[in-house]
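Working notes, beginning with the structure itself.
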Amino acid sequence: MIQEDIYTLLESYSPMGVDEYFRLAMYHQDYGYYHRKIPMGQEGDYVTSPEISQVFGELIGLWCLDVWQKLGKPEKIALVELGPGRGTLMTDLLRAAQLDHSFARALEIHLVEISPTLRSQQHQRLSTYSPTWHQELSTLPALPTLFIANEFFDALPHKQYEAQDHLWYERLITCEEQTLTWTRAQEPTTLPFQADPQTIIEIPQEGEIILNQMSTHLKAHQGAALIIDYGSHREGGYGDTLQALYRHQQCSPFYWPGQSDLTFQVNFHHIKKIFDHHGIPEIHGTTQGDFLQKMGIMERTNQLAEKHPQAALASFRLISSQHMGQLFKVLGAASPHIQLIGF
Ligand code: SAH
């Protein structure tokens, strides 16, 4: 039985860092979540913005068009989506891109995706655009680039550390007799943060590598990045943010490893610092609600609602502070002299 096997696997790694637990539960090629499930949509465990309304991807398409124009309309530009899910955002974005045929012709589509199940869904929906798939960013072409990442950075492994007596100790997970429990390392770890009592911090090592690659790529080839996720722009850690969703219900991150979706809240302050460190000059942050309103969500929704009245409710979910408008944040970063719209 596959579920017993995942516990045997977890026991063989026990005690393990939170990042290791995440990798095994999410990425393992026999037992991992991404190899066994279609995570998003009504049948999955959660719904993302592009799955709620087509307007989301369309407005991001207009954002991309604006950056391309400000870059001087390069003949070729790479459009790179990180973690494209079912390919919905990209489908809506590319439809909107047809508003300007030269822009649509300039686009070269690159998808960074780890899940074989989702890759095949993306293939079904996007094959007419001949996308290239990548396992990671080092194989991207040397072109001006537009990076798009919606709910990608929350889906990457993080390490956790807790402070005691002004020292940091890594939080670990043990697995014995199919039961998972928290523990912590015996020896402290040196980290460049002050270990205030009772604090937990999270370090997204893979995310940092990807952000460094994005920054280097933007510096070398020009372009912009748009990152949208559940998290905060505030400085400082916010404790243990690991959460699990199973069939749209929140559950313990130890519930059904490999079957429930694990995520962390994204620390946008940390992302901004990485872009800053690389000297990326234009960095802006806001909420999803503000961004979409500045991008013209109301106008587009009114237009759509004439034929599809449900469009109004869908847009409301994206921008209202009771739903995704406040909790989700947006960060834009760009080459020198590109004044980004939406902020
Ligand atoms: N952007 C989509 C999906 C978000 S879910 C949407 O908004 O609907 C997270 C996505 O990131 C999935 O496509 C998942 O398979 C992908 N992913 C997770 N970890 C990854 C990694 N390390 N490398 C590449 N893709 C990854």
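Chains: A, B, ... in order of the structure tokens. Residues: from 1 per chain. Ligands: from 1, in order shown.
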
**Request:** Go through the chains and note each residue within 6 Å of ligand 1, using only C-alpha atoms and all ligand atoms, then give the set as a ChimeraX atom specification.
**Result:** /A:34,48,50,83-85,112-115,150-152,155-156

Write a file of the just-selected residues containing N, CA, C and O atoms, as a tab-separated table (two decimals), in the first residue's frame.
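Produced file again.tsv, reproduced below:
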chain	number	residue	atom	x	y	z
A	34	TYR	N	3.05	15.91	-6.16
A	34	TYR	CA	3.05	16.40	-7.54
A	34	TYR	C	3.11	15.27	-8.57
A	34	TYR	O	2.90	15.50	-9.75
A	48	THR	N	-6.73	28.50	-7.41
A	48	THR	CA	-5.84	29.66	-7.53
A	48	THR	C	-6.53	30.75	-8.36
A	48	THR	O	-7.53	30.48	-9.04
A	50	PRO	N	-5.98	32.30	-11.28
A	50	PRO	CA	-6.33	32.08	-12.70
A	50	PRO	C	-7.46	31.07	-12.87
A	50	PRO	O	-8.17	31.10	-13.89
A	83	GLY	N	6.11	27.42	-12.45
A	83	GLY	CA	5.00	26.67	-11.86
A	83	GLY	C	3.67	27.01	-12.51
A	83	GLY	O	2.77	27.56	-11.86
A	84	PRO	N	3.49	26.69	-13.81
A	84	PRO	CA	2.27	27.12	-14.53
A	84	PRO	C	1.01	26.33	-14.20
A	84	PRO	O	-0.04	26.63	-14.78
A	85	GLY	N	1.07	25.37	-13.30
A	85	GLY	CA	-0.15	24.65	-12.90
A	85	GLY	C	-0.82	23.97	-14.08
A	85	GLY	O	-0.18	23.23	-14.82
A	112	VAL	N	8.64	26.52	-16.50
A	112	VAL	CA	9.47	25.81	-15.52
A	112	VAL	C	8.52	25.00	-14.65
A	112	VAL	O	7.70	25.57	-13.92
A	113	GLU	N	8.58	23.70	-14.78
A	113	GLU	CA	7.59	22.86	-14.11
A	113	GLU	C	8.22	21.55	-13.67
A	113	GLU	O	8.91	20.89	-14.45
A	114	ILE	N	7.93	21.15	-12.45
A	114	ILE	CA	8.52	19.93	-11.90
A	114	ILE	C	7.57	18.74	-12.03
A	114	ILE	O	8.00	17.59	-12.09
A	115	SER	N	6.27	19.01	-12.06
A	115	SER	CA	5.30	17.91	-11.98
A	115	SER	C	4.99	17.32	-13.37
A	115	SER	O	4.53	18.03	-14.26
A	150	ASN	N	2.87	32.84	-10.22
A	150	ASN	CA	1.71	32.94	-9.33
A	150	ASN	C	1.65	31.70	-8.46
A	150	ASN	O	1.59	30.58	-8.97
A	151	GLU	N	1.64	31.90	-7.15
A	151	GLU	CA	1.63	30.79	-6.19
A	151	GLU	C	2.71	29.76	-6.52
A	151	GLU	O	2.44	28.55	-6.51
A	152	PHE	N	3.89	30.24	-6.81
A	152	PHE	CA	5.03	29.35	-7.05
A	152	PHE	C	5.95	29.32	-5.84
A	152	PHE	O	6.31	28.25	-5.35
A	155	ALA	N	5.21	27.27	-2.86
A	155	ALA	CA	5.22	25.82	-3.07
A	155	ALA	C	6.65	25.27	-3.11
A	155	ALA	O	6.88	24.21	-3.67
A	156	LEU	N	7.59	26.00	-2.53
A	156	LEU	CA	8.98	25.52	-2.50
A	156	LEU	C	9.37	25.16	-1.07
A	156	LEU	O	8.85	25.74	-0.11

**Asked** Could you name the residues that touch range 258-270 of chain A at 7 Å or less, counting only C-alpha atoms, but leaving out those on the same chain fewer than 4 positions away, as an MDAnalysis selection string?
**Response** chainID A and resid 25:26 31:33 45 153:155 229:235 241:246 253 274

Residues within 10 Å of Ser335 in chain A, only C-alpha atoms, excluding chain neighbours under 6 positions, as a PDB file with N, CA and C atoms, in the first residue's frame:
ATOM      1  N   VAL A  67       5.422  46.085 -20.570  1.00  0.00           N
ATOM      2  CA  VAL A  67       6.875  45.989 -20.342  1.00  0.00           C
ATOM      3  C   VAL A  67       7.587  45.828 -21.688  1.00  0.00           C
ATOM      4  N   LEU A  71      10.462  48.206 -23.219  1.00  0.00           N
ATOM      5  CA  LEU A  71      11.799  47.690 -23.527  1.00  0.00           C
ATOM      6  C   LEU A  71      12.198  48.020 -24.962  1.00  0.00           C
ATOM      7  N   PRO A 144      15.787  39.003 -23.717  1.00  0.00           N
ATOM      8  CA  PRO A 144      15.012  39.796 -22.752  1.00  0.00           C
ATOM      9  C   PRO A 144      13.881  38.897 -22.227  1.00  0.00           C
ATOM     10  N   SER A 215      17.454  37.322 -10.944  1.00  0.00           N
ATOM     11  CA  SER A 215      18.094  38.643 -10.890  1.00  0.00           C
ATOM     12  C   SER A 215      19.262  38.710 -11.869  1.00  0.00           C
ATOM     13  N   LEU A 218      17.925  38.919 -15.384  1.00  0.00           N
ATOM     14  CA  LEU A 218      17.381  40.244 -15.719  1.00  0.00           C
ATOM     15  C   LEU A 218      18.498  41.262 -15.925  1.00  0.00           C
ATOM     16  N   LYS A 219      19.550  41.155 -15.113  1.00  0.00           N
ATOM     17  CA  LYS A 219      20.672  42.097 -15.267  1.00  0.00           C
ATOM     18  C   LYS A 219      21.358  41.882 -16.606  1.00  0.00           C
ATOM     19  N   ALA A 220      21.519  40.614 -16.990  1.00  0.00           N
ATOM     20  CA  ALA A 220      22.252  40.316 -18.224  1.00  0.00           C
ATOM     21  C   ALA A 220      21.416  40.605 -19.469  1.00  0.00           C
ATOM     22  N   HIS A 221      20.108  40.358 -19.407  1.00  0.00           N
ATOM     23  CA  HIS A 221      19.311  40.376 -20.649  1.00  0.00           C
ATOM     24  C   HIS A 221      18.145  41.356 -20.638  1.00  0.00           C
ATOM     25  N   GLN A 222      17.911  42.054 -19.543  1.00  0.00           N
ATOM     26  CA  GLN A 222      16.784  43.003 -19.424  1.00  0.00           C
ATOM     27  C   GLN A 222      15.455  42.277 -19.278  1.00  0.00           C
ATOM     28  N   GLY A 223      14.469  43.016 -18.785  1.00  0.00           N
ATOM     29  CA  GLY A 223      13.129  42.451 -18.655  1.00  0.00           C
ATOM     30  C   GLY A 223      12.513  42.777 -17.308  1.00  0.00           C
ATOM     31  N   ALA A 224      11.568  41.944 -16.889  1.00  0.00           N
ATOM     32  CA  ALA A 224      10.848  42.212 -15.647  1.00  0.00           C
ATOM     33  C   ALA A 224      10.306  40.917 -15.053  1.00  0.00           C
ATOM     34  N   ALA A 225       9.949  41.001 -13.772  1.00  0.00           N
ATOM     35  CA  ALA A 225       9.385  39.828 -13.079  1.00  0.00           C
ATOM     36  C   ALA A 225       8.137  40.257 -12.327  1.00  0.00           C
ATOM     37  N   GLY A 279      21.108  44.788  -7.462  1.00  0.00           N
ATOM     38  CA  GLY A 279      21.049  46.099  -8.109  1.00  0.00           C
ATOM     39  C   GLY A 279      19.939  46.207  -9.145  1.00  0.00           C
ATOM     40  N   ILE A 280      18.866  45.429  -8.969  1.00  0.00           N
ATOM     41  CA  ILE A 280      17.698  45.597  -9.857  1.00  0.00           C
ATOM     42  C   ILE A 280      17.010  46.886  -9.404  1.00  0.00           C
ATOM     43  N   PRO A 281      16.884  47.889 -10.294  1.00  0.00           N
ATOM     44  CA  PRO A 281      16.506  49.219  -9.815  1.00  0.00           C
ATOM     45  C   PRO A 281      15.020  49.428  -9.523  1.00  0.00           C
ATOM     46  N   GLU A 282      14.149  48.794 -10.298  1.00  0.00           N
ATOM     47  CA  GLU A 282      12.713  49.088 -10.146  1.00  0.00           C
ATOM     48  C   GLU A 282      12.053  47.954  -9.376  1.00  0.00           C
ATOM     49  N   ILE A 283      11.729  48.187  -8.119  1.00  0.00           N
ATOM     50  CA  ILE A 283      11.068  47.130  -7.346  1.00  0.00           C
ATOM     51  C   ILE A 283       9.852  47.743  -6.657  1.00  0.00           C
TER      52      ILE A 283
END

**Request:** Tell me which of A:Glu51, A:Asp19, A:Glu206, A:Glu4 sits closest to Ala314 in chain A, counting only C-alpha atoms.
**Result:** A:Glu51

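Distance check against Gly332 in chain A using only C-alpha atoms: of A:Met90, A:Ala142, A:Ala305, A:Ala149, the minimum falls on A:Ala149.
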
**Item:** Residues flagged strand (DSSP E) by DSSP in range 32-252 of chain A, as a PyMOL selection string
**Value:** chain A and resi 77-82+107-112+132-134+145-150+159-164+167-176+179-184+200-203+223-232+243-246+249-251

Any chance you could export the current selection's C-alpha atoms as an mmCIF file, in the first residue's frame?
data_model
loop_
_atom_site.group_PDB
_atom_site.id
_atom_site.type_symbol
_atom_site.label_atom_id
_atom_site.label_comp_id
_atom_site.auth_asym_id
_atom_site.auth_seq_id
_atom_site.Cartn_x
_atom_site.Cartn_y
_atom_site.Cartn_z
ATOM 1 C CA ILE A 77 11.246 38.091 -25.753
ATOM 2 C CA ALA A 78 11.115 35.032 -23.484
ATOM 3 C CA LEU A 79 7.924 34.691 -21.453
ATOM 4 C CA VAL A 80 8.856 32.415 -18.567
ATOM 5 C CA GLU A 81 6.202 31.091 -16.221
ATOM 6 C CA LEU A 82 7.375 29.417 -13.032
ATOM 7 C CA LEU A 107 6.843 35.852 -27.480
ATOM 8 C CA GLU A 108 8.824 32.682 -26.898
ATOM 9 C CA ILE A 109 7.140 30.555 -24.221
ATOM 10 C CA HIS A 110 9.176 28.805 -21.503
ATOM 11 C CA LEU A 111 7.610 26.842 -18.666
ATOM 12 C CA VAL A 112 9.472 25.814 -15.520
ATOM 13 C CA THR A 132 9.798 24.714 -24.040
ATOM 14 C CA TRP A 133 9.767 23.023 -20.634
ATOM 15 C CA HIS A 134 12.544 23.422 -18.103
ATOM 16 C CA THR A 145 12.679 38.044 -20.331
ATOM 17 C CA LEU A 146 9.311 38.383 -18.617
ATOM 18 C CA PHE A 147 9.076 36.170 -15.514
ATOM 19 C CA ILE A 148 5.626 35.335 -14.138
ATOM 20 C CA ALA A 149 5.136 33.370 -10.905
ATOM 21 C CA ASN A 150 1.709 32.941 -9.332
ATOM 22 C CA LYS A 159 13.957 25.142 6.423
ATOM 23 C CA GLN A 160 12.746 26.251 9.848
ATOM 24 C CA TYR A 161 14.795 27.335 12.874
ATOM 25 C CA GLU A 162 13.652 28.192 16.385
ATOM 26 C CA ALA A 163 15.433 30.423 18.854
ATOM 27 C CA GLN A 164 16.454 29.358 22.323
ATOM 28 C CA LEU A 167 20.834 30.575 19.539
ATOM 29 C CA TRP A 168 19.119 29.050 16.507
ATOM 30 C CA TYR A 169 18.206 25.349 16.392
ATOM 31 C CA GLU A 170 16.861 23.672 13.264
ATOM 32 C CA ARG A 171 13.307 22.302 13.641
ATOM 33 C CA LEU A 172 13.164 18.647 12.674
ATOM 34 C CA ILE A 173 10.428 16.098 12.102
ATOM 35 C CA THR A 174 10.624 12.496 13.286
ATOM 36 C CA CYS A 175 8.619 9.630 11.880
ATOM 37 C CA GLU A 176 8.067 6.523 14.001
ATOM 38 C CA THR A 179 3.413 9.032 13.446
ATOM 39 C CA LEU A 180 5.071 12.353 12.741
ATOM 40 C CA THR A 181 6.240 14.620 15.574
ATOM 41 C CA TRP A 182 8.250 17.813 15.952
ATOM 42 C CA THR A 183 11.706 17.796 17.461
ATOM 43 C CA ARG A 184 14.810 19.961 17.028
ATOM 44 C CA ILE A 200 10.772 30.778 14.453
ATOM 45 C CA ILE A 201 12.231 31.719 11.091
ATOM 46 C CA GLU A 202 11.880 30.077 7.709
ATOM 47 C CA ILE A 203 14.592 29.966 5.055
ATOM 48 C CA GLY A 223 13.129 42.451 -18.655
ATOM 49 C CA ALA A 224 10.848 42.212 -15.647
ATOM 50 C CA ALA A 225 9.385 39.828 -13.079
ATOM 51 C CA LEU A 226 5.916 39.638 -11.560
ATOM 52 C CA ILE A 227 5.540 37.559 -8.404
ATOM 53 C CA ILE A 228 2.120 36.982 -6.834
ATOM 54 C CA ASP A 229 1.617 34.957 -3.692
ATOM 55 C CA TYR A 230 0.109 34.539 -0.269
ATOM 56 C CA GLY A 231 2.377 36.384 2.186
ATOM 57 C CA SER A 232 3.527 39.702 3.550
ATOM 58 C CA GLN A 243 0.201 24.756 6.169
ATOM 59 C CA ALA A 244 -1.621 21.887 4.517
ATOM 60 C CA LEU A 245 -4.795 21.741 2.451
ATOM 61 C CA TYR A 246 -6.751 18.620 1.635
ATOM 62 C CA GLN A 249 -9.934 22.141 4.003
ATOM 63 C CA GLN A 250 -7.012 23.202 6.133
ATOM 64 C CA CYS A 251 -5.431 20.265 7.969
#

**Request:** Name the closest residue to Asp276 in chain A among the candidates A:Ala333, A:Ser130, A:Ser49, A:Gln322; distances are taken between atoms, counting only C-alpha atoms.
**Result:** A:Ala333

**Message:** I'd like the contact shell of Ser102 in chain A - 12 Å cut-off, only C-alpha atoms, skipping same-chain residues fewer than 3 positions apart - returned as a PyMOL selection string.
**Reply:** chain A and resi 65+68-69+73-77+97-99+105-107

Could you write out that same residue set with N, CA and C atoms as a short mmCIF file (atom, residue, chain, number, x, y, z; two decimals), in the first residue's frame?
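And here's part04.cif as it stands now:
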data_model
loop_
_atom_site.label_atom_id
_atom_site.label_comp_id
_atom_site.auth_asym_id
_atom_site.auth_seq_id
_atom_site.Cartn_x
_atom_site.Cartn_y
_atom_site.Cartn_z
N LEU A 65 2.63 43.10 -22.02
CA LEU A 65 2.65 43.91 -23.25
C LEU A 65 3.28 45.28 -22.96
N TRP A 68 7.04 44.99 -22.55
CA TRP A 68 7.67 44.76 -23.88
C TRP A 68 7.77 46.09 -24.65
N GLN A 69 6.68 46.89 -24.59
CA GLN A 69 6.72 48.19 -25.29
C GLN A 69 7.81 49.08 -24.68
N LYS A 73 10.16 47.19 -27.71
CA LYS A 73 9.58 46.16 -28.58
C LYS A 73 10.62 45.22 -29.19
N PRO A 74 11.41 44.52 -28.34
CA PRO A 74 12.40 43.60 -28.91
C PRO A 74 11.73 42.55 -29.80
N GLU A 75 12.46 42.13 -30.83
CA GLU A 75 11.90 41.19 -31.80
C GLU A 75 11.56 39.85 -31.17
N LYS A 76 12.37 39.45 -30.17
CA LYS A 76 12.10 38.21 -29.44
C LYS A 76 12.16 38.50 -27.95
N ILE A 77 11.21 37.96 -27.21
CA ILE A 77 11.25 38.09 -25.75
C ILE A 77 10.79 36.76 -25.15
N ALA A 97 -2.64 38.69 -25.29
CA ALA A 97 -1.46 39.15 -26.04
C ALA A 97 -1.77 39.37 -27.52
N GLN A 98 -2.83 38.71 -28.01
CA GLN A 98 -3.19 38.85 -29.43
C GLN A 98 -3.69 40.26 -29.75
N LEU A 99 -3.92 41.07 -28.73
CA LEU A 99 -4.32 42.46 -28.97
C LEU A 99 -3.26 43.20 -29.78
N ARG A 105 3.79 37.74 -31.68
CA ARG A 105 4.82 37.07 -32.51
C ARG A 105 6.18 37.07 -31.81
N ALA A 106 6.44 38.09 -31.01
CA ALA A 106 7.76 38.19 -30.35
C ALA A 106 7.91 37.18 -29.20
N LEU A 107 6.78 36.68 -28.69
CA LEU A 107 6.84 35.85 -27.48
C LEU A 107 7.39 34.45 -27.74
#

**Request:** Step one, run DSSP on the backbone; step two, keep only residues of range 67-226 of chain A assigned to alpha helix (DSSP H); then write them as a PyMOL selection string.
**Result:** chain A and resi 67-70+88-97+101-106+116-126+205-221

**Request:** Give me, please, the distance in Å between CA of Phe254 in chain A and CA of Ser12 in chain A, quoted to one decimal.
**Result:** 16.4 Å

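Closest to Phe193 in chain A among A:His248, A:His217, A:His166, A:His28 is A:His166, based on only C-alpha atoms.
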